[in-house]
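Colleague: Below: one structure in structure tokens.
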Amino acid sequence: MEPVTLWPAIEPLLMDVQKPARYIGGEDGACAPVHGPGVVSWLLCYPDAYEVGLPNQGLQILYEILNERPDALAERSYAPWVDMEQAMRAAGVPLFSVENHYPSSAFDVLAFNLSAELVYTNVLNMVDLAGVPIRAADRRACDPLVVAGGHCAFNPEPLADFVDAFVIGDGEEAVGEVTAVLAAWRSRPVEVRDRAALLLGLSGVAGVYVPSLYEPRYEGGRLVAVQPRDGAPAVVEKRSIADLAEWPYPRRQLVPLTEVVHDRLNVEVFRGCTRGCRFCQAGMITRPVRERPPEQVRSMVDAGLERTGYEEVALTSLSTADFSGIEQLVRDVIGTPRHEGRVSVSLPSLRVDAFTVGTAAEIQRVRRTGLTFAPEGGTWRMRKVINKLISEEDLYSAVDAAFSQGWRRIKLYFLIGLPTERDEDVVGIAQLGARCAEIGRRYQRGATVTASVGGFVPKPHTPFQWASQDTAAELQRKVDLLRQAAKGARGLTIRWHDPAASVAEGIASRGDRRAGNVIERVWRAGGTFQEWSERFDLARWTEALAAEGLTLDEVVHRPRPADEVLPWAHVSAGLHPDFLWQDWQESLAGGAVEDCRWTPCYDCGACTGLGLEHVVASPVPPAGGSQGTGQDLASGDRVPVRLMTGARP
Amino acid sequence: MPGPEGHGPGQAGPARVRLRYTKLGKVRFTSHRDVVRMWERALRRSGVPVAWSEGFSPHLLMSFGLALPTGAESWAEYLDVALHAAPDPGMLPELLSPLLPAGVDVDRAGRLGEDSASLQQEVSSCSWKLEVLGLTAEELGSRVERLLAAPSVMVERERKGRMTHDNLRPAVLSLSLAPAGGYPPGTAGPDGVWMDAELATRPRGVRPKELLEALGPEATLARACRMHQWIERDGARREPLEPRGDIARAGAAHAPERAS
């Protein structure tokens, strides 16, 4: 039966809330799927505000794939802002979809995108607004299935009590398989349609983790094992699509009616990264590198710009300047006659070298206002520890090139609180920044450099997963030290993230299943939208920890020993634990590893374990600098990677 | 609209076209800024040769009339655009409406004379249909009478960050309860009491919400729908674009010849 729309009940609420366009849908590209028997209905939920969630490409990809299937449909929902949540609760309006404005009860699946840890309390809030028991154990056969995916699902334990099933890794193929299991279960007679059978069925899908089939054991207040039962796999391996070319999504990117972040066309040019930055979870869990063929990128750009009317396209990936033939691609996009020279291209995550600046110059013929680089560490020693091998010459020549070609502001990203960090590394940030500002003044009187520092949070499935995390007080001390060192440096501004937020992120990042109770307490105390500084209060988190008999030192700050069972040990991103440990040890010894796209394999496990290969169009590294590999790239060694057929070398 | 930039004196400037469009249904919750962006995208996609400004950051030469408050609907929004080539304006509604969100439909288009004034300068008042909750028809009727009889109606409002006291009475040109069935077309039906209002836009306009505040604290505005915008000249009242697409100004009939 077709559900009944809640719009007449929602509409009056919108007269009195901020930004009511968050709740109306109507985007160009939105589907209005027809519900009916034999169709598994997904409500794709983004646990943050509409303007943050709408552009999320992962959600949009799955939205299209599900709506193209004859046996599935998908609508979307975003976390209602605090004022709207209050209005909804007062009026008895449950969580709803933005397409048909159907209640969440009209859906078989509530699927959450987990892009950041601090949104976890919003997940609980949305499940609760949906009228579904927040704990998986309390749900009945008639309740929707609560699933989650995204990068943060690689440590599913903090949300394990609230989520029925996690999809680990790329979702493109898995959503169809989950749909099939659900459809088969629903076709059963009602008396044998119990939730346990469904969950057991889902645990048979590769890449699906059903936490209720795993029992954590603790000894002396510490996790010692996570034991599977009922034939659930001992280790859940991530899903990974072999060839991005087979998934040219989104085909119809959503164009919102109201302002959102990253309001532009986005085309993913490759997935995965082998730079090997040791702090970077995204780079570690998305291996190997899978490039999209350049001709497909071009056709997605052309079709996307024509359809949407956007004037800006972002070529997205974890390091777009590394895309084979990036200069040619950028030239092609900008030079397309029908773009009339008005289309701008943005390359998020610029590589730090003069060559990249040249490409950027080609892109931004006008409006050369700001350019951003991420050296991450203040000294060469620090950058070797984190394996972000940018030499000072690379950085200064990049900055020189930028200022000399008309840019007026440079932004530099750094992390503080990194393993082995000394005060001189922190002070080094100020010295680097001051030097960059000095370079700028050679070209422009008003040249400015902003150094933006964030507190390092060790992430699961990275070589730093065993590292200690600085306390908020220690991070603050380093911020103060940095500000002191930057005093008097002309043209240099220091910005920093709230150290307290890094601490809360640490709880949700490396916590085990007991962190779930902490998250629930923070949510019950009103702690939603924790990504928003005006809504964040560390006291809620520390009080919740204390109430659960846990300490910040135990959960967040202490280093993990080699023999400790990590809470996510039964989830695999394909990386050998030995590789990660060796890389951690090498890091402490100041050793670096190279990018395996262009050098021999050092067997991290991602390709071999998953039966995958790098897919790149060129066997030689792109031109320019050392590209942060610390290698002499002039020789352009041939390496054993799969080349795309028909690709230009 | 100020003289179109992008061409020097003596050169033929771009042709100016005025469009009338609706803002109805869910899209009413978008802001004026959102509407501007929708139009920019739709015009770019349409291939209509819209003129661009010159300078450091070129933009489409468009000029909107009075901003519609977020949440209000309208049957009569206007937009002036400058076009390099002058297509038959008659084809624009059909061309543009499919490129705009549901509820935004272009229903009239006409050429403007080169010297015609901007919407902001010309429009002097708007007619509204307003749905009021919290009062019965009798109560609302007597409050309307009281408001109309008052020599001045003071309201407090924020202006450039400072609270000011304004008399909104002169801006209320007419106000009455709507006749039976007098709610806007397409509206589901009356939950509250509908009023018809004509509110001036100059020298200091009044917004529907401010009018409601002046009617007392129990009255809340459920819906507001702009039905017409008016240009008053020499005692006569005309719409910025007449149904056939003529321009509502003296000598408008000659405008197309002058522009081409």
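To be explicit about the labels: the chains of the structure tokens are called A, B, and onward in the order shown, and within each one the residues are counted from 1, while ligands get numbers from 1 in the order they are shown.
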Each residue of chain B with at least one atom at most 9 Å from chain A should appear once, together with its nearest atom pair and the corresponding distance in Å (one decimal); atoms considered: only C-alpha atoms; ordering: chain, then increasing residue number; output as JSON lines.
Modeller:
```
{"residue": "B:Lys26", "atom": "CA", "partner": "A:Ile24", "partner_atom": "CA", "distance": 6.0}
{"residue": "B:Val27", "atom": "CA", "partner": "A:Ile24", "partner_atom": "CA", "distance": 7.3}
{"residue": "B:Arg28", "atom": "CA", "partner": "A:Ala21", "partner_atom": "CA", "distance": 8.4}
{"residue": "B:Phe29", "atom": "CA", "partner": "A:Ala21", "partner_atom": "CA", "distance": 5.1}
{"residue": "B:Thr30", "atom": "CA", "partner": "A:Ala21", "partner_atom": "CA", "distance": 5.1}
{"residue": "B:Ser31", "atom": "CA", "partner": "A:Thr258", "partner_atom": "CA", "distance": 7.6}
{"residue": "B:Arg33", "atom": "CA", "partner": "A:Thr258", "partner_atom": "CA", "distance": 8.3}
{"residue": "B:Asp34", "atom": "CA", "partner": "A:Thr258", "partner_atom": "CA", "distance": 5.2}
{"residue": "B:Val35", "atom": "CA", "partner": "A:Leu257", "partner_atom": "CA", "distance": 8.0}
{"residue": "B:Arg37", "atom": "CA", "partner": "A:Leu257", "partner_atom": "CA", "distance": 8.2}
{"residue": "B:Met38", "atom": "CA", "partner": "A:Leu257", "partner_atom": "CA", "distance": 6.9}
{"residue": "B:Glu40", "atom": "CA", "partner": "A:Gly309", "partner_atom": "CA", "distance": 8.0}
{"residue": "B:Arg41", "atom": "CA", "partner": "A:Gly309", "partner_atom": "CA", "distance": 4.6}
{"residue": "B:Ala42", "atom": "CA", "partner": "A:Gly309", "partner_atom": "CA", "distance": 6.7}
{"residue": "B:Leu43", "atom": "CA", "partner": "A:Gly309", "partner_atom": "CA", "distance": 8.2}
{"residue": "B:Arg44", "atom": "CA", "partner": "A:Gly309", "partner_atom": "CA", "distance": 5.7}
{"residue": "B:Arg45", "atom": "CA", "partner": "A:Gly309", "partner_atom": "CA", "distance": 5.1}
{"residue": "B:Ser46", "atom": "CA", "partner": "A:Gly309", "partner_atom": "CA", "distance": 8.8}
{"residue": "B:Phe56", "atom": "CA", "partner": "A:Val366", "partner_atom": "CA", "distance": 7.5}
{"residue": "B:Ser57", "atom": "CA", "partner": "A:Arg367", "partner_atom": "CA", "distance": 7.5}
{"residue": "B:Thr70", "atom": "CA", "partner": "A:Pro20", "partner_atom": "CA", "distance": 8.4}
{"residue": "B:Gly71", "atom": "CA", "partner": "A:Met15", "partner_atom": "CA", "distance": 6.3}
{"residue": "B:Leu100", "atom": "CA", "partner": "A:Asp28", "partner_atom": "CA", "distance": 8.8}
{"residue": "B:Pro101", "atom": "CA", "partner": "A:Gly26", "partner_atom": "CA", "distance": 7.0}
{"residue": "B:Ala102", "atom": "CA", "partner": "A:Gly26", "partner_atom": "CA", "distance": 7.3}
{"residue": "B:Leu221", "atom": "CA", "partner": "A:Met15", "partner_atom": "CA", "distance": 8.6}
{"residue": "B:Ala222", "atom": "CA", "partner": "A:Pro12", "partner_atom": "CA", "distance": 7.1}
{"residue": "B:Arg223", "atom": "CA", "partner": "A:Met15", "partner_atom": "CA", "distance": 8.6}
```
Colleague: Can I get the selection written as a CSV table (one decimal), in the first residue's frame, with N, CA, C and O atoms?
Modeller:
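File written: part27.csv
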```
chain,number,residue,atom,x,y,z
B,26,LYS,N,5.9,23.7,-2.4
B,26,LYS,CA,7.0,23.5,-1.5
B,26,LYS,C,8.2,24.5,-1.7
B,26,LYS,O,8.9,24.8,-0.7
B,27,VAL,N,8.3,24.9,-2.9
B,27,VAL,CA,9.5,25.8,-3.2
B,27,VAL,C,9.3,27.1,-2.5
B,27,VAL,O,10.3,27.9,-2.4
B,28,ARG,N,8.1,27.4,-1.9
B,28,ARG,CA,7.9,28.7,-1.3
B,28,ARG,C,8.9,28.8,0.0
B,28,ARG,O,9.1,29.9,0.4
B,29,PHE,N,9.4,27.7,0.4
B,29,PHE,CA,10.3,27.8,1.6
B,29,PHE,C,11.8,28.1,1.2
B,29,PHE,O,12.6,28.1,2.1
B,30,THR,N,12.0,28.3,0.0
B,30,THR,CA,13.4,28.8,-0.4
B,30,THR,C,13.4,30.3,-0.2
B,30,THR,O,12.4,31.0,-0.2
B,31,SER,N,14.7,30.8,-0.1
B,31,SER,CA,14.9,32.2,0.2
B,31,SER,C,15.0,32.9,-1.2
B,31,SER,O,15.1,32.3,-2.2
B,33,ARG,N,17.6,34.6,-2.1
B,33,ARG,CA,18.9,34.2,-2.6
B,33,ARG,C,18.8,32.9,-3.4
B,33,ARG,O,19.5,32.7,-4.4
B,34,ASP,N,18.1,31.9,-2.8
B,34,ASP,CA,17.9,30.6,-3.5
B,34,ASP,C,17.3,30.8,-4.9
B,34,ASP,O,17.7,30.2,-5.9
B,35,VAL,N,16.3,31.7,-4.9
B,35,VAL,CA,15.6,31.9,-6.2
B,35,VAL,C,16.5,32.5,-7.2
B,35,VAL,O,16.5,32.2,-8.4
B,37,ARG,N,19.7,32.1,-7.5
B,37,ARG,CA,20.6,31.0,-7.9
B,37,ARG,C,19.8,30.0,-8.9
B,37,ARG,O,20.4,29.6,-9.9
B,38,MET,N,18.6,29.7,-8.6
B,38,MET,CA,17.8,28.9,-9.5
B,38,MET,C,17.7,29.5,-10.9
B,38,MET,O,17.8,28.8,-11.9
B,40,GLU,N,19.8,31.7,-12.2
B,40,GLU,CA,21.1,31.7,-12.9
B,40,GLU,C,21.4,30.4,-13.5
B,40,GLU,O,21.8,30.3,-14.7
B,41,ARG,N,21.1,29.3,-12.8
B,41,ARG,CA,21.3,27.9,-13.4
B,41,ARG,C,20.4,27.7,-14.6
B,41,ARG,O,20.8,27.2,-15.6
B,42,ALA,N,19.1,28.1,-14.4
B,42,ALA,CA,18.1,27.8,-15.5
B,42,ALA,C,18.5,28.6,-16.7
B,42,ALA,O,18.4,28.0,-17.8
B,43,LEU,N,18.9,29.8,-16.6
B,43,LEU,CA,19.3,30.6,-17.8
B,43,LEU,C,20.5,30.1,-18.4
B,43,LEU,O,20.6,30.0,-19.7
B,44,ARG,N,21.5,29.6,-17.6
B,44,ARG,CA,22.7,29.0,-18.3
B,44,ARG,C,22.3,27.8,-19.0
B,44,ARG,O,22.8,27.5,-20.1
B,45,ARG,N,21.4,27.0,-18.5
B,45,ARG,CA,21.1,25.7,-19.1
B,45,ARG,C,20.2,26.0,-20.4
B,45,ARG,O,20.3,25.2,-21.3
B,46,SER,N,19.5,27.0,-20.4
B,46,SER,CA,18.5,27.3,-21.5
B,46,SER,C,19.2,27.6,-22.8
B,46,SER,O,18.7,27.4,-23.8
B,56,PHE,N,35.9,42.0,-12.9
B,56,PHE,CA,36.6,41.0,-12.2
B,56,PHE,C,35.9,39.7,-12.0
B,56,PHE,O,36.4,38.6,-12.2
B,57,SER,N,34.6,39.8,-11.6
B,57,SER,CA,33.8,38.6,-11.5
B,57,SER,C,32.5,38.7,-12.2
B,57,SER,O,31.5,39.3,-11.8
B,70,THR,N,10.7,34.5,2.6
B,70,THR,CA,10.7,33.1,2.6
B,70,THR,C,9.5,32.5,3.3
B,70,THR,O,9.0,33.0,4.3
B,71,GLY,N,8.8,31.6,2.6
B,71,GLY,CA,7.6,31.0,3.1
B,71,GLY,C,6.4,31.5,2.4
B,71,GLY,O,5.3,30.9,2.4
B,100,LEU,N,13.1,25.1,-14.4
B,100,LEU,CA,13.0,25.7,-13.1
B,100,LEU,C,12.3,24.6,-12.2
B,100,LEU,O,11.6,23.7,-12.7
B,101,PRO,N,12.5,24.7,-10.9
B,101,PRO,CA,11.9,23.8,-10.0
B,101,PRO,C,10.3,23.7,-10.0
B,101,PRO,O,9.7,24.7,-10.5
B,102,ALA,N,9.8,22.6,-9.6
B,102,ALA,CA,8.3,22.5,-9.6
B,102,ALA,C,7.8,23.7,-8.8
B,102,ALA,O,8.3,24.0,-7.7
B,221,LEU,N,0.2,34.2,11.1
B,221,LEU,CA,0.1,34.1,9.6
B,221,LEU,C,0.4,32.6,9.2
B,221,LEU,O,1.4,32.1,9.4
B,222,ALA,N,-0.6,32.0,8.6
B,222,ALA,CA,-0.5,30.6,8.2
B,222,ALA,C,0.1,30.6,6.8
B,222,ALA,O,0.9,29.8,6.4
B,223,ARG,N,-0.5,31.4,5.9
B,223,ARG,CA,0.0,31.4,4.5
B,223,ARG,C,-0.1,32.9,4.0
B,223,ARG,O,-1.0,33.6,4.4
```
Colleague: Excluding range 122-131 of chain B and any residue of its chain fewer than 6 positions from it, enumerate the residues within 8 Å of it, using only C-alpha atoms, and give them as an mmCIF file with C-alpha atoms, in the first residue's frame.
Modeller:
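Produced file around_28.cif, reproduced below:
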```cif
data_model
loop_
_atom_site.group_PDB
_atom_site.id
_atom_site.type_symbol
_atom_site.label_atom_id
_atom_site.label_comp_id
_atom_site.auth_asym_id
_atom_site.auth_seq_id
_atom_site.Cartn_x
_atom_site.Cartn_y
_atom_site.Cartn_z
ATOM 1 C CA GLY B 65 11.944 43.040 -8.182
ATOM 2 C CA ALA B 178 -11.817 37.685 1.620
ATOM 3 C CA TYR B 183 -8.387 31.811 -1.207
ATOM 4 C CA PRO B 184 -5.677 31.492 -3.811
ATOM 5 C CA PRO B 190 -9.442 27.380 4.272
ATOM 6 C CA GLY B 192 -8.133 29.861 8.926
ATOM 7 C CA VAL B 193 -9.592 33.161 7.783
ATOM 8 C CA TRP B 194 -8.394 34.664 4.509
ATOM 9 C CA MET B 195 -7.850 38.374 4.048
ATOM 10 C CA ASP B 196 -7.201 40.463 0.948
ATOM 11 C CA ALA B 197 -4.624 43.176 1.398
ATOM 12 C CA GLU B 198 -2.973 45.740 -0.782
ATOM 13 C CA LEU B 199 0.279 46.867 0.727
ATOM 14 C CA ALA B 200 2.452 49.686 -0.511
ATOM 15 C CA THR B 201 6.128 49.072 -1.201
ATOM 16 C CA ARG B 202 7.187 52.684 -0.934
ATOM 17 C CA PRO B 208 2.663 40.545 5.668
ATOM 18 C CA LEU B 221 0.123 34.080 9.616
ATOM 19 C CA ALA B 222 -0.471 30.613 8.170
ATOM 20 C CA ARG B 223 0.006 31.441 4.510
ATOM 21 C CA ALA B 224 0.791 34.497 2.443
ATOM 22 C CA CYS B 225 0.378 34.653 -1.293
ATOM 23 C CA ARG B 226 1.331 37.596 -3.478
ATOM 24 C CA MET B 227 -1.343 37.833 -6.193
ATOM 25 C CA HIS B 228 -0.261 40.943 -8.108
ATOM 26 C CA GLN B 229 2.363 43.635 -8.186
ATOM 27 C CA TRP B 230 1.218 47.083 -9.282
ATOM 28 C CA ILE B 231 2.734 50.106 -10.904
ATOM 29 C CA GLU B 232 0.790 53.271 -10.247
ATOM 30 C CA PRO B 240 4.530 45.347 -14.727
#
```
Colleague: So which one's closest to Trp39 in chain B, B:Thr220, B:Ser176, B:Ser74, B:Ser97? Using only C-alpha atoms, please.
Modeller: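 Among the listed residues, B:Ser97 lies closest to Trp39 in chain B.
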Colleague: Mind listing the strand (DSSP E or B) residues of range 41-252 of chain B, per DSSP on the backbone, as number ranges by chain?
Modeller: B: 50, 52, 60, 62-64, 73-83, 106-112, 125-133, 154-159, 162-167, 172-177, 193-200, 220-233, 236-238, 241, 247
Colleague: Check the smallest atom-to-atom distance from each of B:Val17, B:Val36, B:Ala236, B:Ala150 to Pro49 in chain B using only C-alpha atoms, then report the winner.
Modeller: B:Val17
Colleague: Which residues are close to Asn387 in chain A, i.e. within 6 Å by only C-alpha atoms, leaving aside same-chain residues fewer than 4 positions away? Reply as a PyMOL selection string.
Modeller: chain A and resi 277+383+592
Colleague: Based on the selection just made, write N, CA and C atoms of those residues as a PDB file, in the first residue's frame.
Modeller:
```pdb
ATOM      1  N   CYS A 277      50.404   8.183   3.827  1.00  0.00           N
ATOM      2  CA  CYS A 277      50.443   9.069   4.990  1.00  0.00           C
ATOM      3  C   CYS A 277      49.888   8.282   6.175  1.00  0.00           C
ATOM      4  N   ARG A 383      57.653  15.156   9.265  1.00  0.00           N
ATOM      5  CA  ARG A 383      56.978  14.701   8.041  1.00  0.00           C
ATOM      6  C   ARG A 383      57.445  13.308   7.639  1.00  0.00           C
ATOM      7  N   ALA A 592      60.768   6.032   6.056  1.00  0.00           N
ATOM      8  CA  ALA A 592      59.637   6.372   5.192  1.00  0.00           C
ATOM      9  C   ALA A 592      59.408   5.279   4.161  1.00  0.00           C
TER      10      ALA A 592
END
```
Colleague: Excluding range 394-399 of chain A and any residue of its chain fewer than 5 positions from it, enumerate the residues within 12 Å of it, using only C-alpha atoms, and give them as JSON, numbers by chain.
Modeller: {"A": [350, 351, 352, 353, 354, 355, 356, 357, 358, 359, 360, 361, 370, 371, 372, 373, 374, 375, 376, 377, 378, 379, 380, 388, 389, 404, 405, 406, 407, 408, 409, 410, 411, 412, 432, 433, 434, 435, 436, 437, 438, 439, 440, 441, 442, 443, 447, 448, 449, 624, 625, 626, 627, 628, 629, 630]}
Colleague: Save the residues we just selected, C-alpha atoms, as a JSON list (two decimals), in the first residue's frame?
Modeller:
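The file below, out_12.json, is the result:
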```
[["chain", "number", "residue", "atom", "x", "y", "z"],
["A", 350, "LEU", "CA", 46.47, 20.02, -3.95],
["A", 351, "ARG", "CA", 49.83, 18.37, -3.96],
["A", 352, "VAL", "CA", 52.65, 20.52, -2.65],
["A", 353, "ASP", "CA", 54.97, 21.36, -5.53],
["A", 354, "ALA", "CA", 55.47, 24.11, -8.06],
["A", 355, "PHE", "CA", 54.23, 21.91, -10.87],
["A", 356, "THR", "CA", 50.85, 21.52, -9.23],
["A", 357, "VAL", "CA", 50.65, 25.28, -8.81],
["A", 358, "GLY", "CA", 51.17, 25.54, -12.56],
["A", 359, "THR", "CA", 48.13, 23.37, -13.10],
["A", 360, "ALA", "CA", 46.21, 25.44, -10.59],
["A", 361, "ALA", "CA", 47.24, 28.59, -12.44],
["A", 370, "GLY", "CA", 43.51, 31.62, -1.99],
["A", 371, "LEU", "CA", 45.41, 28.37, -2.40],
["A", 372, "THR", "CA", 45.70, 25.58, 0.17],
["A", 373, "PHE", "CA", 48.51, 23.13, 0.85],
["A", 374, "ALA", "CA", 48.78, 20.45, 3.52],
["A", 375, "PRO", "CA", 52.35, 19.82, 4.66],
["A", 376, "GLU", "CA", 50.86, 18.43, 7.92],
["A", 377, "GLY", "CA", 54.16, 18.48, 9.82],
["A", 378, "GLY", "CA", 56.34, 21.44, 10.80],
["A", 379, "THR", "CA", 59.76, 19.79, 10.31],
["A", 380, "TRP", "CA", 61.24, 17.31, 7.87],
["A", 388, "LYS", "CA", 54.20, 12.96, 4.22],
["A", 389, "LEU", "CA", 57.47, 13.43, 2.39],
["A", 404, "SER", "CA", 54.52, 35.00, -8.08],
["A", 405, "GLN", "CA", 51.53, 33.98, -10.19],
["A", 406, "GLY", "CA", 49.15, 36.25, -8.39],
["A", 407, "TRP", "CA", 47.71, 34.36, -5.46],
["A", 408, "ARG", "CA", 47.42, 36.54, -2.41],
["A", 409, "ARG", "CA", 46.57, 34.11, 0.37],
["A", 410, "ILE", "CA", 48.11, 30.74, 1.15],
["A", 411, "LYS", "CA", 46.57, 28.39, 3.66],
["A", 412, "LEU", "CA", 48.64, 25.62, 5.19],
["A", 432, "LEU", "CA", 57.62, 27.41, 7.94],
["A", 433, "GLY", "CA", 54.66, 29.73, 7.93],
["A", 434, "ALA", "CA", 56.79, 32.82, 8.53],
["A", 435, "ARG", "CA", 59.15, 31.82, 5.73],
["A", 436, "CYS", "CA", 56.21, 31.37, 3.36],
["A", 437, "ALA", "CA", 54.86, 34.81, 4.26],
["A", 438, "GLU", "CA", 58.32, 36.24, 3.63],
["A", 439, "ILE", "CA", 58.37, 34.66, 0.17],
["A", 440, "GLY", "CA", 54.97, 36.17, -0.44],
["A", 441, "ARG", "CA", 56.14, 39.67, 0.38],
["A", 442, "ARG", "CA", 58.71, 39.49, -2.40],
["A", 443, "TYR", "CA", 55.80, 39.56, -4.79],
["A", 447, "ALA", "CA", 50.60, 38.56, 1.10],
["A", 448, "THR", "CA", 49.18, 36.47, 3.93],
["A", 449, "VAL", "CA", 49.71, 32.94, 5.14],
["A", 624, "GLY", "CA", 56.97, 17.71, -11.18],
["A", 625, "GLY", "CA", 58.96, 17.71, -7.97],
["A", 626, "SER", "CA", 59.33, 14.70, -5.77],
["A", 627, "GLN", "CA", 55.55, 14.74, -5.34],
["A", 628, "GLY", "CA", 55.92, 14.05, -1.72],
["A", 629, "THR", "CA", 57.35, 10.61, -2.34],
["A", 630, "GLY", "CA", 60.85, 11.70, -1.49]]
```
Colleague: So how many Å separate CA of Val4 in chain A and CA of Tyr102 in chain A, to one decimal?
Modeller: 6.4 Å
Colleague: Report, in Å with one decimal, the straight-line distance from CA of Lys384 in chain A to CA of Cys596 in chain A.
Modeller: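 Taking CA of Lys384 in chain A and CA of Cys596 in chain A, their separation equals 16.6 Å.
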Colleague: I'd like the contact shell of Val104 in chain B - 7 Å cut-off, only C-alpha atoms, skipping same-chain residues fewer than 5 positions apart - returned as a PyMOL selection string.
Modeller: chain B and resi 21-24+97
Colleague: Just asking: which residues within range 26-162 of chain A are helix (DSSP H, G or I) according to DSSP, as a ChimeraX atom specification?
Modeller: /A:50-53,57-68,82-91,104-106,117-129,136-138,151-154,157-159
Colleague: Restricting the calculation to only C-alpha atoms: of A:Asp603, A:Asp578, A:Asp583, A:Asp595, which residue gets closest to Phe279 in chain A?
Modeller: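 For Phe279 in chain A, the nearest of the candidates is A:Asp583.
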Colleague: Quick one: pull the distance between CA of Pro228 in chain A and CA of Leu200 in chain A, Å, one decimal.
Modeller: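 For CA of Pro228 in chain A relative to CA of Leu200 in chain A, the distance reads 11.7 Å.
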Colleague: Env of Val167 in chain A: 7 Å cut, atoms = only C-alpha atoms, seq-sep filter 2 positions within chain, self excluded. Answer as a list in words.
Modeller: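 Selected residues are Ala148, Gly149, Ala165, Gly169, Gly171, Gly207, Val208 and Tyr209 of chain A.
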Colleague: Produce a file of the selected residues containing all heavy atoms, as a compact mmCIF listing (two decimals), in the first residue's frame.
Modeller:
```
# COMPACT_ATOMS: atom_id res chain seq x y z
N ALA A 148 24.42 0.75 8.50
CA ALA A 148 25.33 1.90 8.41
C ALA A 148 26.54 1.54 7.58
O ALA A 148 26.93 0.37 7.51
CB ALA A 148 25.76 2.36 9.80
N GLY A 149 27.11 2.53 6.93
CA GLY A 149 28.33 2.34 6.15
C GLY A 149 29.09 3.63 6.09
O GLY A 149 28.71 4.62 6.72
N ALA A 165 23.25 -3.89 11.14
CA ALA A 165 24.27 -4.41 10.25
C ALA A 165 25.07 -3.27 9.64
O ALA A 165 24.51 -2.23 9.31
CB ALA A 165 23.63 -5.23 9.13
N GLY A 169 33.27 -0.92 3.60
CA GLY A 169 33.90 -0.67 2.30
C GLY A 169 32.93 -0.11 1.27
O GLY A 169 31.88 0.45 1.62
N GLY A 171 30.04 0.49 -1.23
CA GLY A 171 28.67 0.00 -1.10
C GLY A 171 27.99 -0.34 -2.41
O GLY A 171 26.88 -0.89 -2.41
N GLY A 207 31.29 -8.62 3.34
CA GLY A 207 31.45 -7.22 3.72
C GLY A 207 30.41 -6.74 4.72
O GLY A 207 30.47 -5.60 5.16
N VAL A 208 29.45 -7.61 5.09
CA VAL A 208 28.43 -7.18 6.04
C VAL A 208 28.78 -7.69 7.44
O VAL A 208 29.07 -8.87 7.63
CB VAL A 208 27.03 -7.67 5.63
CG1 VAL A 208 26.01 -7.38 6.73
CG2 VAL A 208 26.60 -6.99 4.33
N TYR A 209 28.78 -6.80 8.38
CA TYR A 209 29.09 -7.12 9.78
C TYR A 209 27.83 -6.95 10.61
O TYR A 209 27.23 -5.87 10.64
CB TYR A 209 30.19 -6.17 10.28
CG TYR A 209 30.43 -6.24 11.78
CD1 TYR A 209 30.85 -7.42 12.39
CD2 TYR A 209 30.27 -5.11 12.57
CE1 TYR A 209 31.09 -7.48 13.76
CE2 TYR A 209 30.50 -5.15 13.94
CZ TYR A 209 30.91 -6.35 14.53
OH TYR A 209 31.12 -6.39 15.88
```
Colleague: Which residue gives the smallest distance to Met154 in chain B among B:Ser63, B:Ala214, B:Arg204, B:Ala180, with only C-alpha atoms counted?
Modeller: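 Closest to Met154 in chain B of all the choices is B:Ala214.
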Colleague: Please provide as a PyMOL selection string all residues within 10 Å of range 184-191 of chain A, with the sequence filter that same-chain residues fewer than 2 positions apart are discarded (counting only C-alpha atoms).
Modeller: chain A and resi 37-38+40+108+141+179-182+193-195+197-199+201
Colleague: Under the rule that only C-alpha atoms are counted, which of A:Ala500, A:Val39, A:Leu223, A:Leu492 is the nearest residue to Gln431 in chain A?
Modeller: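 Looking only at the distances to Gln431 in chain A, the closest residue turns out to be A:Leu492.
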Colleague: Which residue is closest to Gln530 in chain A? Choose from A:Ile507, A:Val109, A:Leu43, A:Ala501 and count only C-alpha atoms.
Modeller: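 So, comparing all the options, the nearest one is A:Ala501.
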